[in-house]
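Engineer: Just so it is clear, I am handing over my_file20.cif, which has mmCIF, C-alpha atoms.
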data_protein
#
loop_
_atom_site.group_PDB
_atom_site.id
_atom_site.type_symbol
_atom_site.label_atom_id
_atom_site.label_comp_id
_atom_site.auth_asym_id
_atom_site.auth_seq_id
_atom_site.Cartn_x
_atom_site.Cartn_y
_atom_site.Cartn_z
ATOM 1 C CA MET F 209 5.594 -7.343 8.173
ATOM 2 C CA TRP F 210 7.069 -5.242 10.960
ATOM 3 C CA ALA F 211 7.799 -8.318 13.091
ATOM 4 C CA GLU F 212 9.594 -9.938 10.160
ATOM 5 C CA LEU F 213 11.764 -6.860 9.610
ATOM 6 C CA VAL F 214 12.682 -6.609 13.301
ATOM 7 C CA GLN F 215 13.464 -10.334 13.448
ATOM 8 C CA ARG F 216 15.692 -10.138 10.371
ATOM 9 C CA ALA F 217 17.463 -7.042 11.722
ATOM 10 C CA GLY F 218 18.187 -8.752 15.037
ATOM 11 C CA GLY F 219 19.279 -12.022 13.452
ATOM 12 C CA GLY F 220 22.454 -10.874 11.755
ATOM 13 C CA ARG F 221 25.933 -11.971 12.755
ATOM 14 C CA ASP F 222 27.609 -8.554 12.613
ATOM 15 C CA PRO F 223 27.061 -6.768 15.962
ATOM 16 C CA GLY F 224 27.707 -3.314 14.496
ATOM 17 C CA ILE F 225 25.078 -3.767 11.809
ATOM 18 C CA ARG F 226 22.612 -5.167 14.363
ATOM 19 C CA VAL F 227 23.065 -2.065 16.546
ATOM 20 C CA LEU F 228 22.793 0.301 13.588
ATOM 21 C CA LEU F 229 19.618 -1.304 12.290
ATOM 22 C CA SER F 230 18.000 -1.583 15.715
ATOM 23 C CA ARG F 231 18.548 2.162 16.238
ATOM 24 C CA VAL F 232 17.253 3.070 12.781
ATOM 25 C CA LEU F 233 14.178 0.885 13.234
ATOM 26 C CA ALA F 234 13.505 2.251 16.721
ATOM 27 C CA ASP F 235 13.957 5.875 15.626
ATOM 28 C CA HIS F 236 11.699 5.535 12.579
ATOM 29 C CA GLU F 237 9.267 2.785 13.574
ATOM 30 C CA ALA F 238 6.041 4.762 13.280
ATOM 31 C CA ARG F 239 6.813 6.012 9.787
ATOM 32 C CA LEU F 240 8.373 2.760 8.563
ATOM 33 C CA ARG F 241 5.179 0.942 9.521
ATOM 34 C CA THR F 242 2.927 3.262 7.492
ATOM 35 C CA TRP F 243 4.832 5.235 4.827
ATOM 36 C CA PRO F 244 4.364 4.522 1.133
ATOM 37 C CA ALA F 245 7.482 3.762 -0.905
ATOM 38 C CA ALA F 246 6.535 6.157 -3.691
ATOM 39 C CA MET F 247 3.873 8.508 -4.947
ATOM 40 C CA THR F 248 2.981 6.545 -8.079
ATOM 41 C CA VAL F 249 5.464 4.002 -9.422
ATOM 42 C CA HIS F 250 5.824 1.153 -6.917
ATOM 43 C CA HIS F 251 4.396 0.373 -3.500
ATOM 44 C CA ALA F 252 2.501 3.671 -3.539
ATOM 45 C CA TYR F 253 0.172 2.799 -0.676
ATOM 46 C CA ARG F 254 0.097 2.648 3.107
ATOM 47 C CA SER F 255 2.979 0.482 4.437
ATOM 48 C CA GLY F 256 4.387 0.236 0.930
ATOM 49 C CA LEU F 257 7.889 1.203 2.078
ATOM 50 C CA LEU F 258 7.910 -1.604 4.646
ATOM 51 C CA GLU F 259 6.754 -4.101 2.039
ATOM 52 C CA HIS F 260 9.369 -2.816 -0.433
ATOM 53 C CA ILE F 261 12.174 -3.121 2.136
ATOM 54 C CA LEU F 262 11.179 -6.708 2.895
ATOM 55 C CA GLN F 263 10.999 -7.638 -0.774
ATOM 56 C CA ILE F 264 14.476 -6.213 -1.368
ATOM 57 C CA ALA F 265 15.702 -8.034 1.762
ATOM 58 C CA ARG F 266 14.488 -11.344 0.341
ATOM 59 C CA VAL F 267 16.225 -10.660 -2.960
ATOM 60 C CA VAL F 268 19.556 -9.772 -1.342
ATOM 61 C CA GLU F 269 19.328 -12.828 0.914
ATOM 62 C CA ALA F 270 19.185 -15.023 -2.176
ATOM 63 C CA LEU F 271 21.996 -13.071 -3.838
ATOM 64 C CA ALA F 272 24.192 -13.416 -0.745
ATOM 65 C CA ARG F 273 23.770 -17.190 -0.874
ATOM 66 C CA LEU F 274 24.412 -17.378 -4.620
ATOM 67 C CA TYR F 275 27.513 -15.183 -4.601
ATOM 68 C CA GLY F 276 28.887 -15.807 -1.121
ATOM 69 C CA ALA F 277 28.415 -12.129 -0.286
ATOM 70 C CA ASP F 278 28.107 -10.590 3.173
ATOM 71 C CA ALA F 279 24.415 -11.165 3.981
ATOM 72 C CA ASP F 280 24.415 -8.694 6.894
ATOM 73 C CA LEU F 281 25.829 -5.902 4.770
ATOM 74 C CA LEU F 282 23.389 -6.587 1.941
ATOM 75 C CA PHE F 283 20.466 -6.667 4.385
ATOM 76 C CA ALA F 284 21.560 -3.330 5.848
ATOM 77 C CA GLY F 285 21.579 -1.921 2.333
ATOM 78 C CA ALA F 286 18.083 -3.269 1.769
ATOM 79 C CA VAL F 287 16.834 -1.514 4.900
ATOM 80 C CA LEU F 288 18.674 1.751 4.326
ATOM 81 C CA HIS F 289 18.549 2.173 0.546
ATOM 82 C CA ASP F 290 15.291 4.146 0.597
ATOM 83 C CA ILE F 291 15.389 5.520 4.154
ATOM 84 C CA GLY F 292 15.442 9.029 2.666
ATOM 85 C CA LYS F 293 11.836 8.431 1.574
ATOM 86 C CA LEU F 294 10.853 9.202 5.167
ATOM 87 C CA GLN F 295 11.959 12.794 4.538
ATOM 88 C CA GLU F 296 11.132 12.981 0.851
ATOM 89 C CA LEU F 297 7.474 12.085 1.291
ATOM 90 C CA ASP F 298 4.933 13.688 3.562
ATOM 91 C CA TYR F 299 2.195 11.322 4.652
ATOM 92 C CA GLU F 300 0.251 13.222 7.297
ATOM 93 C CA ALA F 301 -3.093 13.502 5.520
ATOM 94 C CA ALA F 302 -2.442 12.344 1.965
ATOM 95 C CA PRO F 303 0.810 11.353 0.280
ATOM 96 C CA SER F 304 2.727 14.297 -1.146
ATOM 97 C CA TYR F 305 6.320 15.393 -1.565
ATOM 98 C CA SER F 306 7.829 17.397 1.270
ATOM 99 C CA ARG F 307 9.736 20.593 0.517
ATOM 100 C CA GLU F 308 12.997 18.672 0.986
ATOM 101 C CA GLY F 309 11.703 15.884 -1.219
ATOM 102 C CA ASN F 310 10.962 18.277 -4.053
ATOM 103 C CA LEU F 311 14.240 20.150 -3.737
ATOM 104 C CA VAL F 312 16.709 17.404 -2.851
ATOM 105 C CA GLY F 313 15.200 13.910 -3.229
ATOM 106 C CA HIS F 314 15.426 10.773 -1.123
ATOM 107 C CA ILE F 315 18.866 9.651 -2.243
ATOM 108 C CA ALA F 316 20.639 12.821 -1.133
ATOM 109 C CA LEU F 317 18.464 13.102 1.988
ATOM 110 C CA ALA F 318 19.671 9.698 3.158
ATOM 111 C CA SER F 319 23.337 10.701 2.931
#
For this file, produce the structure as structure tokens.
Structural biologist:
Amino acid sequence: MWAELVQRAGGGRDPGIRVLLSRVLADHEARLRTWPAAMTVHHAYRSGLLEHILQIARVVEALARLYGADADLLFAGAVLHDIGKLQELDYEAAPSYSREGNLVGHIALAS
């Protein structure tokens, strides 16, 4: 899954988005490879966040084709939309919410 994400991130046409995503992926690789996407609702298991990102990326790829939308921008949104989960969740021993996750939540943390 990781190789697919890196390939998709490097395959875009927009150089600014390629640079942004390559930096985000490099900075967060270890956690993106292993973090769950949630505690209970969806993809609540090891590497669930990576799987979730790829599933959203496939959906937005189809939507970009159907609506003539900017595929690079939609892909960036797919990658970044839950990036705050890396701060919201703590996954050192067992999945739990971090202090920031309990107080703020992943949406605000990603801002």
Engineer: For Leu213 of chain F, which of F:Lys293, F:Arg266, F:Arg239, F:His251 is the closest residue, counting all atoms listed in the file?
Structural biologist: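 Using all atoms listed in the file, Leu213 of chain F sits closest to F:Arg266.
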Engineer: May I have the protein, DNA and RNA residues with an atom at most 6 Å from (11.0, -1.7, 1.0), counting only C-alpha atoms in the file's coordinates, returned as a list in words?
Structural biologist: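 Looking at atoms near the point gives Leu257, Leu258, Glu259, His260, Ile261 and Leu262 of chain F.
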Engineer: Store the residues of this selection in a file with C-alpha atoms, as a PDB file, keeping the file's coordinate frame.
Structural biologist:
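Result file follows (again17.pdb):
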ATOM      1  CA  LEU F 257       7.889   1.203   2.078  1.00  0.00           C
ATOM      2  CA  LEU F 258       7.910  -1.604   4.646  1.00  0.00           C
ATOM      3  CA  GLU F 259       6.754  -4.101   2.039  1.00  0.00           C
ATOM      4  CA  HIS F 260       9.369  -2.816  -0.433  1.00  0.00           C
ATOM      5  CA  ILE F 261      12.174  -3.121   2.136  1.00  0.00           C
ATOM      6  CA  LEU F 262      11.179  -6.708   2.895  1.00  0.00           C
TER       7      LEU F 262
END
Engineer: Ser230 of chain F: which residues within 8 Å, counting all atoms listed in the file, same-chain residues fewer than 2 positions away excluded, as a list of chain:residue names?
Structural biologist: F:Val214, F:Ala217, F:Gly218, F:Arg226, F:Val227, F:Leu228, F:Val232, F:Leu233, F:Ala234
Engineer: Choose the residue, out of F:Ile291, F:Asp278, F:Arg273, F:Leu297, that has the smallest atom-to-atom separation from Thr248 of chain F; count all atoms listed in the file.
Structural biologist: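 For Thr248 of chain F, the nearest of the given residues is F:Leu297.
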Engineer: Once 6 Å is added on each side, what centre and edge lengths in Å to one decimal does the axis-aligned box around all listed atoms of segment 271-290 of chain F have, as JSON?
Structural biologist:
{"center_x": 22.1, "center_y": -6.6, "center_z": 1.1, "size_x": 25.6, "size_y": 33.5, "size_z": 23.5}
Engineer: List, as a PyMOL selection string, every residue that the PyMOL selection byres ((chain F and resi 242) around 8) selects in the file provided.
Structural biologist: chain F and resi 238-241+243-244+254-258
Engineer: F:Ala265, F:Pro223, F:Glu237, F:Glu296: which is nearest Ala279 of chain F, counting all atoms listed in the file?
Structural biologist: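 Selected residue with least distance to Ala279 of chain F: F:Ala265.
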Engineer: Can you work out the spacing between atom CA of Leu229 of chain F and atom CA of Leu271 of chain F in Å, to one decimal?
Structural biologist: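 We find that atom CA of Leu229 of chain F and atom CA of Leu271 of chain F lie 20.1 Å from each other.
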Engineer: So how far away is atom CA of Gln215 of chain F from atom CA of Ala246 of chain F, in Å?
Structural biologist: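 Straight-line distance from atom CA of Ala246 of chain F to atom CA of Gln215 of chain F works out to 24.8 Å.
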Engineer: Do you have the atom CA of Leu281 of chain F-atom CA of Tyr299 of chain F distance handy?
Structural biologist: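 Computing it gives 29.2 Å between the two atoms.
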Engineer: Which is closest to Asp298 of chain F among F:His236, F:Ala272, F:Ala277, F:Met247, if we use all atoms listed in the file?
Structural biologist: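 Once distances to Asp298 of chain F are computed over all atoms listed in the file, the minimum belongs to F:Met247.
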